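Trainee: Contents are compact mmCIF, C-alpha atoms and all ligand atoms; file name my_file-v9.txt:
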# COMPACT_ATOMS: atom_id res chain seq x y z
CA MET A 1 27.61 19.01 -10.78
CA GLY A 2 25.08 16.50 -9.56
CA ALA A 3 23.52 13.75 -11.56
CA VAL A 4 20.08 14.64 -12.78
CA MET A 5 17.50 12.09 -11.79
CA GLN A 6 15.27 11.51 -14.76
CA GLN A 7 11.75 10.88 -13.64
CA PRO A 8 9.60 9.09 -16.23
CA SER A 9 6.64 11.35 -16.86
CA GLU A 10 4.24 8.45 -17.29
CA ALA A 11 5.14 6.26 -14.36
CA PRO A 12 2.31 3.82 -13.79
CA GLU A 13 0.45 5.12 -10.80
CA PRO A 14 -0.55 2.24 -8.53
CA THR A 15 -4.26 2.12 -8.00
CA PHE A 16 -5.26 2.74 -4.44
CA GLU A 17 -8.54 3.14 -2.72
CA ALA A 18 -7.73 5.57 0.04
CA GLU A 19 -4.96 7.74 1.33
CA TYR A 20 -4.43 8.28 5.03
CA VAL A 21 -2.45 11.16 6.43
CA LEU A 22 0.10 10.40 9.12
CA GLU A 23 -0.06 12.54 12.22
CA SER A 24 3.72 12.98 11.99
CA PRO A 25 6.05 12.10 9.09
CA LEU A 26 7.69 8.69 9.24
CA GLY A 27 10.48 7.08 7.27
CA CYS A 28 9.39 4.39 4.86
CA PRO A 29 11.12 1.11 5.79
CA LYS A 30 11.45 0.23 2.08
CA CYS A 31 12.70 3.37 0.33
CA GLN A 32 13.84 5.35 3.42
CA VAL A 33 11.96 8.42 2.20
CA GLU A 34 10.08 10.42 4.79
CA ILE A 35 6.38 10.08 4.07
CA SER A 36 3.43 11.93 5.52
CA SER A 37 0.68 9.68 4.20
CA LEU A 38 -0.08 6.03 3.52
CA ARG A 39 -2.15 4.45 0.79
CA VAL A 40 -4.54 1.64 1.43
CA VAL A 41 -5.54 -0.99 -1.12
CA ARG A 42 -8.26 -3.49 -0.47
CA LEU A 43 -7.33 -7.14 -0.42
CA LEU A 44 -9.91 -9.56 -1.81
CA ARG A 45 -9.60 -13.30 -1.35
CA GLY A 46 -9.17 -14.99 -4.71
CA ARG A 47 -8.60 -18.65 -3.99
CA VAL A 48 -9.28 -20.52 -0.83
CA ASN A 49 -9.49 -24.02 0.54
CA PHE A 50 -13.16 -24.36 1.52
CA THR A 51 -12.25 -25.47 5.01
CA SER A 52 -10.43 -22.20 5.55
CA THR A 53 -11.73 -19.86 8.21
CA LEU A 54 -9.62 -16.96 7.03
CA PRO A 55 -11.41 -13.65 6.49
CA ARG A 56 -12.70 -12.88 2.99
CA LYS A 57 -11.17 -9.42 2.88
CA GLY A 58 -8.32 -7.43 4.16
CA TYR A 59 -6.23 -4.46 3.22
CA VAL A 60 -2.66 -3.59 2.34
CA VAL A 61 -0.90 -0.43 3.46
CA LEU A 62 1.51 1.01 0.89
CA CYS A 63 4.15 3.69 0.83
CA PRO A 64 2.97 6.43 -1.58
CA LYS A 65 6.53 6.98 -2.82
CA CYS A 66 7.75 3.49 -3.68
CA ALA A 67 4.43 1.58 -3.50
CA GLY A 68 6.20 -0.93 -1.24
CA ILE A 69 3.94 -2.96 1.01
CA ILE A 70 4.40 -1.78 4.56
CA SER A 71 1.67 -3.83 6.13
CA ALA A 72 -1.08 -6.26 5.17
CA THR A 73 -4.03 -7.12 7.36
CA LEU A 74 -6.83 -9.65 6.96
CA GLY A 75 -10.31 -8.85 8.18
CA GLY A 76 -11.25 -5.59 9.78
CA ILE A 77 -13.31 -4.16 6.91
ZN ZN B 101 8.66 3.82 0.36
Is it possible to express this structure as structure tokens?

Mentor:
Amino acid sequence: MGAVMQQPSEAPEPTFEAEYVLESPLGCPKCQVEISSLRVVRLLRGRVNFTSTLPRKGYVVLCPKCAGIISATLGGI
């Protein structure tokens, strides 16, 4: 008899802007689940020192299963 995993029916779905399909499934480094897609959320600069030369935008790549941040990149959009 295995333990039944109770999944909350109204888990807050993280908002994401795009989903990208992986050419081959990969294991998420956070939750170890094999995933076949990645979600991308836009990163907008909120506060900045005015001498900063950092890009104004970027994006974060999330695991669709655990919503863990796999990668974050500045610029490039
Ligand atoms: Zn994950």

Trainee: Fewer than 3 positions away in the same chain doesn't count, so skip those; otherwise give me all residues within 12 Å of segment 23-27 of chain A, counting all atoms listed in the file, as a ChimeraX atom specification.

Mentor: /A:20,30-38,63-66,70

Trainee: Would you please work out which residue, of A:Arg45, A:Glu19, A:Gly68, A:Val40, is nearest to ligand ZN 101 (chain B) when using only C-alpha atoms and all ligand atoms?

Mentor: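 Between A:Arg45, A:Glu19, A:Gly68, A:Val40, the residue approaching ligand ZN 101 (chain B) most closely is A:Gly68.
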
Trainee: What is the distance between atom CA of Val21 of chain A and atom CA of Arg56 of chain A, in Å to one decimal?

Mentor: 26.4 Å

Trainee: Could you pull out every residue with an atom within 7 Å of (-7.5, -13.3, 9.0), file coordinates, counting all atoms listed in the file, and send them as a list of chain:residue names?

Mentor: A:Leu54, A:Pro55, A:Leu74, A:Gly75

Trainee: Could you check the closest approach to Thr15 of chain A for each of A:Thr53, A:Cys28, A:Val48, A:Ala67 and tell me which residue wins, using all atoms listed in the file?

Mentor: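 Answer, going by the shortest atom-to-atom distance: A:Ala67.
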
Trainee: Work out how far atom CA of Pro29 of chain A is from atom CA of Arg42 of chain A, in Å to one decimal.

Mentor: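 A separation of 20.9 Å between them.
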
Trainee: Could you tell me how far atom CA of Glu17 of chain A sits from atom CA of Arg39 of chain A, in Å to one decimal place?

Mentor: 7.4 Å

Trainee: Can you report as lines of an AutoDock Vina configuration file the centre and edge lengths in Å, to one decimal, of an axis-aligned box around the listed atoms of segment 19-23 of chain A padded with 5 Å on each side?

Mentor:
center_x = -2.4
center_y = 10.1
center_z = 6.8
size_x = 15.1
size_y = 14.8
size_z = 20.9

Trainee: Excluding Leu43 of chain A and any residue of its chain fewer than 2 positions from it, enumerate the residues within 8 Å of it, using all atoms listed in the file, and give them as number ranges by chain.

Mentor: A: 41, 45, 57-60, 74
